[in-house]
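Structure file coords-v5.pdb; described as PDB, C-alpha atoms.
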ATOM      1  CA  MET A1194      32.104   0.106   7.716
ATOM      2  CA  GLU A1195      31.683  -2.146   4.675
ATOM      3  CA  LEU A1196      28.794  -1.195   2.437
ATOM      4  CA  ASP A1197      26.031  -3.655   1.657
ATOM      5  CA  ILE A1198      25.941  -4.570  -2.050
ATOM      6  CA  LEU A1199      22.552  -2.845  -2.461
ATOM      7  CA  ASP A1200      23.985   0.444  -1.195
ATOM      8  CA  TYR A1201      25.884   0.710  -4.478
ATOM      9  CA  TYR A1202      22.674   0.231  -6.471
ATOM     10  CA  LYS A1203      20.852   2.888  -4.443
ATOM     11  CA  LYS A1204      22.998   5.484  -6.181
ATOM     12  CA  LEU A1205      21.607   4.356  -9.534
ATOM     13  CA  VAL A1206      17.941   4.770  -8.627
ATOM     14  CA  ASP A1207      17.697   8.581  -8.669
ATOM     15  CA  PHE A1208      20.137   8.765 -11.599
ATOM     16  CA  LEU A1209      18.053   6.423 -13.776
ATOM     17  CA  GLY A1210      14.844   8.124 -12.663
ATOM     18  CA  ALA A1211      16.193  11.488 -13.862
ATOM     19  CA  VAL A1212      17.564  10.066 -17.124
ATOM     20  CA  LEU A1213      14.439   8.114 -18.066
ATOM     21  CA  GLY A1214      11.981  10.855 -17.085
ATOM     22  CA  LYS A1215       8.843  11.210 -14.983
ATOM     23  CA  ASN A1216       6.997   8.342 -16.701
ATOM     24  CA  ALA A1217       9.620   5.825 -15.599
ATOM     25  CA  GLU A1218       9.588   4.472 -12.070
ATOM     26  CA  VAL A1219      12.879   2.992 -10.843
ATOM     27  CA  VAL A1220      12.725   0.641  -7.865
ATOM     28  CA  LEU A1221      15.362  -1.152  -5.792
ATOM     29  CA  ARG A1222      14.095  -4.186  -3.909
ATOM     30  CA  ASP A1223      15.783  -6.044  -1.074
ATOM     31  CA  CYS A1224      14.718  -9.652  -1.595
ATOM     32  CA  ARG A1225      15.950 -10.519   1.896
ATOM     33  CA  LYS A1226      13.062  -8.473   3.343
ATOM     34  CA  PRO A1227       9.962  -9.713   1.477
ATOM     35  CA  ASP A1228       7.406  -8.058   3.768
ATOM     36  CA  HIS A1229       8.756  -4.548   3.115
ATOM     37  CA  ASP A1230      11.117  -4.944   0.220
ATOM     38  CA  ILE A1231      11.367  -1.536  -1.518
ATOM     39  CA  ILE A1232      14.440   0.280  -0.154
ATOM     40  CA  ALA A1233      14.807   3.008  -2.815
ATOM     41  CA  ILE A1234      12.428   4.438  -5.414
ATOM     42  CA  ALA A1235      12.355   7.265  -7.966
ATOM     43  CA  ASN A1236       9.170   8.567  -9.623
ATOM     44  CA  GLY A1237       7.006   6.524  -7.272
ATOM     45  CA  HIS A1238       3.924   8.370  -8.521
ATOM     46  CA  VAL A1239       3.902   5.951 -11.472
ATOM     47  CA  SER A1240       2.670   3.061  -9.313
ATOM     48  CA  GLY A1241       1.783   5.027  -6.174
ATOM     49  CA  ARG A1242       4.330   3.146  -4.045
ATOM     50  CA  THR A1243       6.877   4.387  -1.541
ATOM     51  CA  ILE A1244       9.849   2.988   0.391
ATOM     52  CA  GLY A1245       8.726   0.048   2.506
ATOM     53  CA  ALA A1246       5.988  -1.036   0.098
ATOM     54  CA  PRO A1247       5.328  -4.797   0.084
ATOM     55  CA  ILE A1248       6.622  -7.383  -2.343
ATOM     56  CA  THR A1249       4.694  -8.165  -5.548
ATOM     57  CA  ASP A1250       3.267 -11.435  -6.813
ATOM     58  CA  PHE A1251       5.858 -11.463  -9.609
ATOM     59  CA  THR A1252       8.797 -11.178  -7.216
ATOM     60  CA  LEU A1253       7.362 -13.904  -4.989
ATOM     61  CA  SER A1254       7.104 -16.218  -7.985
ATOM     62  CA  ILE A1255      10.709 -15.391  -8.976
ATOM     63  CA  LEU A1256      11.862 -16.347  -5.482
ATOM     64  CA  ALA A1257       9.766 -19.525  -5.474
ATOM     65  CA  ASN A1258      10.775 -20.898  -8.892
ATOM     66  CA  GLU A1259      14.362 -19.581  -8.662
ATOM     67  CA  GLU A1260      14.209 -18.242 -12.213
ATOM     68  CA  TRP A1261      16.972 -15.794 -11.264
ATOM     69  CA  LYS A1262      19.465 -18.663 -11.262
ATOM     70  CA  GLU A1263      19.053 -19.113 -15.020
ATOM     71  CA  ARG A1264      18.622 -15.501 -16.159
ATOM     72  CA  ASP A1265      20.257 -12.153 -15.440
ATOM     73  CA  TYR A1266      17.098 -10.150 -16.115
ATOM     74  CA  VAL A1267      13.513 -10.208 -17.414
ATOM     75  CA  VAL A1268      12.409  -7.392 -19.724
ATOM     76  CA  ASN A1269       9.229  -5.947 -21.207
ATOM     77  CA  TYR A1270       6.563  -7.765 -19.230
ATOM     78  CA  GLU A1271       3.290  -6.158 -18.176
ATOM     79  CA  GLY A1272       2.801  -4.414 -14.869
ATOM     80  CA  LYS A1273      -0.561  -3.327 -13.473
ATOM     81  CA  ALA A1274      -1.068  -0.432 -11.071
ATOM     82  CA  ALA A1275      -4.291   1.075  -9.770
ATOM     83  CA  PRO A1276      -6.449   2.462 -11.210
ATOM     84  CA  ASP A1277      -6.132   0.330 -14.362
ATOM     85  CA  LYS A1278      -2.718   1.699 -15.273
ATOM     86  CA  ARG A1279      -0.618  -0.479 -17.600
ATOM     87  CA  LEU A1280       3.138  -0.441 -17.276
ATOM     88  CA  ARG A1281       6.013  -1.926 -19.258
ATOM     89  CA  SER A1282       8.235  -3.506 -16.649
ATOM     90  CA  SER A1283      11.760  -4.903 -16.557
ATOM     91  CA  THR A1284      13.783  -6.427 -13.713
ATOM     92  CA  TYR A1285      17.529  -6.982 -13.226
ATOM     93  CA  PHE A1286      18.552  -9.641 -10.697
ATOM     94  CA  ILE A1287      21.244  -8.682  -8.163
ATOM     95  CA  ARG A1288      23.205 -11.636  -6.820
ATOM     96  CA  GLU A1289      25.814 -12.035  -4.112
ATOM     97  CA  GLU A1290      27.670 -15.276  -3.411
ATOM     98  CA  GLY A1291      25.185 -17.263  -5.468
ATOM     99  CA  LYS A1292      22.100 -15.860  -3.726
ATOM    100  CA  LEU A1293      19.460 -13.401  -4.946
ATOM    101  CA  VAL A1294      19.713 -10.342  -2.707
ATOM    102  CA  GLY A1295      17.895  -7.681  -4.710
ATOM    103  CA  GLN A1296      16.199  -6.511  -7.881
ATOM    104  CA  LEU A1297      16.573  -3.287  -9.843
ATOM    105  CA  CYS A1298      13.276  -2.636 -11.617
ATOM    106  CA  VAL A1299      12.085  -0.111 -14.203
ATOM    107  CA  ASN A1300       8.336   0.394 -14.719
ATOM    108  CA  ILE A1301       7.329   2.705 -17.570
ATOM    109  CA  ASP A1302       3.846   4.223 -17.688
ATOM    110  CA  MET A1303       2.695   3.567 -21.252
ATOM    111  CA  THR A1304      -0.431   5.763 -21.037
ATOM    112  CA  PRO A1305       1.019   8.784 -22.934
ATOM    113  CA  TYR A1306       2.292   6.553 -25.738
ATOM    114  CA  GLU A1307      -1.006   4.682 -25.980
ATOM    115  CA  GLN A1308      -2.841   8.011 -26.262
ATOM    116  CA  VAL A1309      -0.534   9.134 -29.069
ATOM    117  CA  MET A1310      -1.065   5.856 -30.929
ATOM    118  CA  ASP A1311      -4.833   6.151 -30.565
ATOM    119  CA  SER A1312      -4.711   9.712 -31.922
ATOM    120  CA  ILE A1313      -2.622   8.603 -34.916
ATOM    121  CA  ARG A1314      -5.073   5.809 -35.710
ATOM    122  CA  GLN A1315      -8.011   8.178 -35.493
ATOM    123  CA  LEU A1316      -6.311  10.761 -37.704
ATOM    124  CA  SER A1317      -5.413   8.134 -40.288
ATOM    125  CA  GLY A1318      -8.937   6.703 -40.313
ATOM    126  CA  MET A1319      -7.827   3.313 -39.006
ATOM    127  CA  GLU A1320     -10.228   1.378 -36.826
ATOM    128  CA  LEU A1321      -9.098   0.780 -33.277
ATOM    129  CA  MET A1322      -8.338  -2.771 -32.321
ATOM    130  CA  SER A1323     -10.604  -4.553 -29.864
ATOM    131  CA  ASP A1324      -8.190  -3.829 -26.983
ATOM    132  CA  GLY A1325      -8.039  -0.113 -27.739
ATOM    133  CA  GLY A1326      -5.058  -0.429 -30.040
ATOM    134  CA  LYS A1327      -2.671  -1.308 -27.222
ATOM    135  CA  SER A1328      -1.510  -4.726 -28.345
ATOM    136  CA  GLY A1329       1.795  -3.441 -29.651
ATOM    137  CA  ILE A1330       2.645  -1.515 -26.491
ATOM    138  CA  ILE A1331       3.028  -4.223 -23.865
ATOM    139  CA  CYS A1332       5.190  -7.212 -24.713
ATOM    140  CA  SER A1333       4.120 -10.726 -23.852
ATOM    141  CA  GLY A1334       5.308 -12.427 -20.678
ATOM    142  CA  PRO A1335       4.451 -12.499 -16.980
ATOM    143  CA  VAL A1336       2.178  -9.902 -15.386
ATOM    144  CA  GLU A1337       3.171  -8.083 -12.190
ATOM    145  CA  ASN A1338       0.491  -6.564  -9.956
ATOM    146  CA  PHE A1339       1.441  -3.632  -7.719
ATOM    147  CA  SER A1340      -0.919  -4.158  -4.804
ATOM    148  CA  GLU A1341      -0.942  -3.085  -1.166
ATOM    149  CA  ASP A1342      -2.650  -6.392  -0.324
ATOM    150  CA  VAL A1343      -0.609  -8.859  -2.346
ATOM    151  CA  MET A1344      -1.460 -11.697   0.047
ATOM    152  CA  GLY A1345      -5.205 -11.136  -0.263
ATOM    153  CA  ASP A1346      -5.023 -10.796  -4.035
ATOM    154  CA  MET A1347      -3.005 -14.001  -4.394
ATOM    155  CA  MET A1348      -5.383 -15.998  -2.183
ATOM    156  CA  LYS A1349      -8.385 -14.727  -4.134
ATOM    157  CA  LYS A1350      -6.744 -15.621  -7.446
ATOM    158  CA  ALA A1351      -5.861 -19.134  -6.243
ATOM    159  CA  VAL A1352      -9.413 -19.856  -5.067
ATOM    160  CA  ILE A1353     -10.884 -18.568  -8.334
ATOM    161  CA  THR A1354      -8.421 -20.726 -10.290
ATOM    162  CA  VAL A1355      -9.504 -23.872  -8.423
ATOM    163  CA  VAL A1356     -13.244 -23.384  -7.881
ATOM    164  CA  GLY A1357     -14.216 -20.391 -10.028
ATOM    165  CA  SER A1358     -15.263 -18.006  -7.254
ATOM    166  CA  SER A1359     -13.732 -16.511  -4.117
ATOM    167  CA  GLU A1360     -16.961 -15.493  -2.366
ATOM    168  CA  ALA A1361     -17.138 -16.291   1.348
ATOM    169  CA  LYS A1362     -20.060 -18.694   0.948
ATOM    170  CA  VAL A1363     -18.007 -20.638  -1.603
ATOM    171  CA  ARG A1364     -14.899 -20.724   0.593
ATOM    172  CA  GLU A1365     -16.932 -22.033   3.522
ATOM    173  CA  ARG A1366     -17.940 -25.113   1.493
ATOM    174  CA  LEU A1367     -14.533 -26.033   0.068
ATOM    175  CA  THR A1368     -13.649 -29.716   0.224
ATOM    176  CA  GLN A1369     -10.358 -30.910   1.655
ATOM    177  CA  ASN A1370      -9.056 -31.745  -1.821
ATOM    178  CA  GLU A1371      -9.979 -28.265  -3.056
ATOM    179  CA  LYS A1372      -8.155 -26.673  -0.115
ATOM    180  CA  ILE A1373      -5.096 -28.809  -0.815
ATOM    181  CA  GLU A1374      -5.183 -27.743  -4.467
ATOM    182  CA  ILE A1375      -5.526 -24.076  -3.494
ATOM    183  CA  ILE A1376      -2.629 -24.301  -1.055
ATOM    184  CA  GLY A1377      -0.590 -25.962  -3.800
ATOM    185  CA  GLU A1378      -1.299 -22.974  -6.058
ATOM    186  CA  LEU A1379      -0.233 -20.579  -3.304
ATOM    187  CA  ASN A1380       2.878 -22.578  -2.586
ATOM    188  CA  ARG A1381       3.950 -22.467  -6.244
ATOM    189  CA  ALA A1382       3.274 -18.732  -6.298
ATOM    190  CA  GLY A1383       5.607 -18.244  -3.320
ATOM    191  CA  LEU A1384       3.017 -16.859  -0.885
ATOM    192  CA  PHE A1385       4.314 -18.825   2.103
ATOM    193  CA  GLN A1386       7.582 -16.879   2.018
ATOM    194  CA  LEU A1387       5.683 -14.009   3.638
ATOM    195  CA  LYS A1388       5.457 -13.621   7.391
ATOM    196  CA  GLY A1389       2.015 -14.568   8.704
ATOM    197  CA  ALA A1390       0.988 -16.304   5.482
ATOM    198  CA  VAL A1391      -0.098 -19.556   7.170
ATOM    199  CA  GLY A1392      -2.435 -17.740   9.543
ATOM    200  CA  ALA A1393      -3.882 -15.596   6.747
ATOM    201  CA  VAL A1394      -4.500 -18.620   4.516
ATOM    202  CA  ALA A1395      -6.124 -20.543   7.388
ATOM    203  CA  GLU A1396      -8.514 -17.661   8.051
ATOM    204  CA  TYR A1397      -9.308 -17.207   4.360
ATOM    205  CA  LEU A1398     -10.023 -20.904   3.799
ATOM    206  CA  TYR A1399     -11.971 -21.316   7.053
ATOM    207  CA  CYS A1400      -9.624 -23.906   8.528
ATOM    208  CA  SER A1401      -6.972 -24.128  11.245
ATOM    209  CA  GLU A1402      -3.287 -23.343  10.877
ATOM    210  CA  ALA A1403      -2.593 -26.980  11.746
ATOM    211  CA  SER A1404      -4.682 -27.986   8.722
ATOM    212  CA  VAL A1405      -2.669 -25.694   6.442
ATOM    213  CA  TYR A1406       0.577 -27.284   7.646
ATOM    214  CA  ARG A1407      -0.943 -30.750   7.193
ATOM    215  CA  TYR A1408      -2.047 -29.939   3.632
ATOM    216  CA  GLN A1409       1.439 -28.579   2.856
ATOM    217  CA  SER A1410       2.954 -31.856   4.078
ATOM    218  CA  LYS A1411       0.652 -33.835   1.780
ATOM    219  CA  ILE A1412       1.687 -31.657  -1.163
ATOM    220  CA  GLN A1413       5.371 -32.159  -0.398
ATOM    221  CA  ARG A1414       4.941 -35.933  -0.163
ATOM    222  CA  LYS A1415       3.307 -35.966  -3.610
ATOM    223  CA  ALA A1416       6.072 -33.843  -5.150
TER     224      ALA A1416
END
Could you rewrite the structure in this file as structure tokens?
Amino acid sequence: MELDILDYYKKLVDFLGAVLGKNAEVVLRDCRKPDHDIIAIANGHVSGRTIGAPITDFTLSILANEEWKERDYVVNYEGKAAPDKRLRSSTYFIREEGKLVGQLCVNIDMTPYEQVMDSIRQLSGMELMSDGGKSGIICSGPVENFSEDVMGDMMKKAVITVVGSSEAKVRERLTQNEKIEIIGELNRAGLFQLKGAVGAVAEYLYCSEASVYRYQSKIQRKA
């Protein structure tokens, strides 16, 4: 039986995890299965994830804006894992016949290195920077959030972006234009690639699924 292209990359996951050490999580994602996209993982304790964990906001945005068509990889962007753990993340895009089928990701827990840097600053008498002296650790770029409720987090972020608050009493009073703007934000972020997204958004915005589809049509006509 012919192997799937990602089967070849599975062999790399444990190898890279052993080479890079316990502070480096190595993840293989199947972008054809966005609801449960992790198919292999080494050192999962770094982010607390396991096989079958859901897609991230960063990967959804990559799928939505098709950035993978122009680049082979993205390196040294910030990842965030609970509780307040900062990671240095990099992603390699796996293509087959012109389509994105997977991602090989490395997420390095920077906590030990940040602690060493803080100790050096204290020993040398240097004052810590306002961010705890961590500015030189994480490179600039996109931020990836490792969440078990990526859909809920993305909806909350979109509402806050548009109206400043995601509280229920605020969402109940949203105008039609505000809902359209929020759905536009979610569409650009790639949320609607997930199964059940329309129903979840309708419930969150206190409207019907038919309204969500209607708002999406208005957005597409404006595009």
How would you write as JSON, numbers by chain the residues that get within 6 Å of (2.9, -2.5, -8.9) in the file's frame, counting all atoms listed in the file? {"A": [1240, 1273, 1274, 1338, 1339, 1340]}
Dump of C-alpha atoms for the selected residues, as a PDB file, in the frame of the given file:
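Everything below was put into selection.pdb:
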ATOM      1  CA  SER A1240       2.670   3.061  -9.313  1.00  0.00           C
ATOM      2  CA  LYS A1273      -0.561  -3.327 -13.473  1.00  0.00           C
ATOM      3  CA  ALA A1274      -1.068  -0.432 -11.071  1.00  0.00           C
ATOM      4  CA  ASN A1338       0.491  -6.564  -9.956  1.00  0.00           C
ATOM      5  CA  PHE A1339       1.441  -3.632  -7.719  1.00  0.00           C
ATOM      6  CA  SER A1340      -0.919  -4.158  -4.804  1.00  0.00           C
TER       7      SER A1340
END
Written as a VMD selection string, what is the full residue list that the PyMOL selection byres ((chain A and resi 1385) around 12) yields on the file shown? chain A and resid 1227 to 1228 1250 1253 to 1254 1256 to 1257 1343 to 1344 1347 to 1348 1376 to 1384 1386 to 1395 1405 to 1406 1409
Decode the PyMOL selection byres ((chain A and resi 1203) around 9) for the given file into explicit residues and return them as a PDB file with C-alpha atoms, keeping the file's coordinate frame.
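Resulting contents of part.pdb:
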ATOM      1  CA  LEU A1199      22.552  -2.845  -2.461  1.00  0.00           C
ATOM      2  CA  ASP A1200      23.985   0.444  -1.195  1.00  0.00           C
ATOM      3  CA  TYR A1201      25.884   0.710  -4.478  1.00  0.00           C
ATOM      4  CA  TYR A1202      22.674   0.231  -6.471  1.00  0.00           C
ATOM      5  CA  LYS A1204      22.998   5.484  -6.181  1.00  0.00           C
ATOM      6  CA  LEU A1205      21.607   4.356  -9.534  1.00  0.00           C
ATOM      7  CA  VAL A1206      17.941   4.770  -8.627  1.00  0.00           C
ATOM      8  CA  ASP A1207      17.697   8.581  -8.669  1.00  0.00           C
ATOM      9  CA  LEU A1221      15.362  -1.152  -5.792  1.00  0.00           C
ATOM     10  CA  ILE A1232      14.440   0.280  -0.154  1.00  0.00           C
ATOM     11  CA  ALA A1233      14.807   3.008  -2.815  1.00  0.00           C
ATOM     12  CA  ILE A1234      12.428   4.438  -5.414  1.00  0.00           C
TER      13      ILE A1234
END
Separation of CA of Ala1275 in chain A from CA of Val1220 in chain A in Å: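 Taking CA of Val1220 in chain A as the start and CA of Ala1275 in chain A as the end point, the length is 17.1 Å.
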I'd like to know which of A:Trp1261, A:Asp1342, A:Ile1198, A:Val1294 is closest to Asp1230 in chain A, using only C-alpha atoms.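 Smallest distance to Asp1230 in chain A is found for A:Val1294.
The space between CA of Leu1280 in chain A and CA of Lys1350 in chain A spans 20.6 Å.
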If you apply the PyMOL selection byres ((chain A and resi 1363) around 12) to this file, what residues do you get, as a ChimeraX atom specification? /A:1349,1352-1353,1355-1362,1364-1368,1371-1372,1397-1399
From the options A:Gly1210, A:Gly1345, A:Gly1295, A:Pro1276, which residue's atoms come nearest to Ile1255 in chain A, counting only C-alpha atoms? A:Gly1295
So what do you get for CA of Val1336 in chain A versus CA of Asp1302 in chain A, distance-wise? 14.4 Å
Closest of A:Gly1241, A:Gly1214, A:Gly1272, A:Pro1247 to Cys1298 in chain A - atom-to-atom distances counting all atoms listed in the file: A:Gly1272
Between A:Cys1400, A:Arg1288, A:Ile1248, A:Gly1237, which has the minimum distance to Lys1262 in chain A (counting only C-alpha atoms)?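 Using only C-alpha atoms, the shortest distance to Lys1262 in chain A belongs to A:Arg1288.
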Pick out the closest residue to Phe1251 in chain A from this set: A:Glu1341, A:Glu1271, A:Glu1263, A:Glu1218. Count all atoms listed in the file.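 Smallest distance to Phe1251 in chain A is found for A:Glu1271.
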Taking into account only C-alpha atoms, which residue in the set A:Glu1396, A:Glu1337, A:Asp1277, A:Glu1289 is nearest to Thr1304 in chain A?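 For Thr1304 in chain A, the nearest of the given residues is A:Asp1277.
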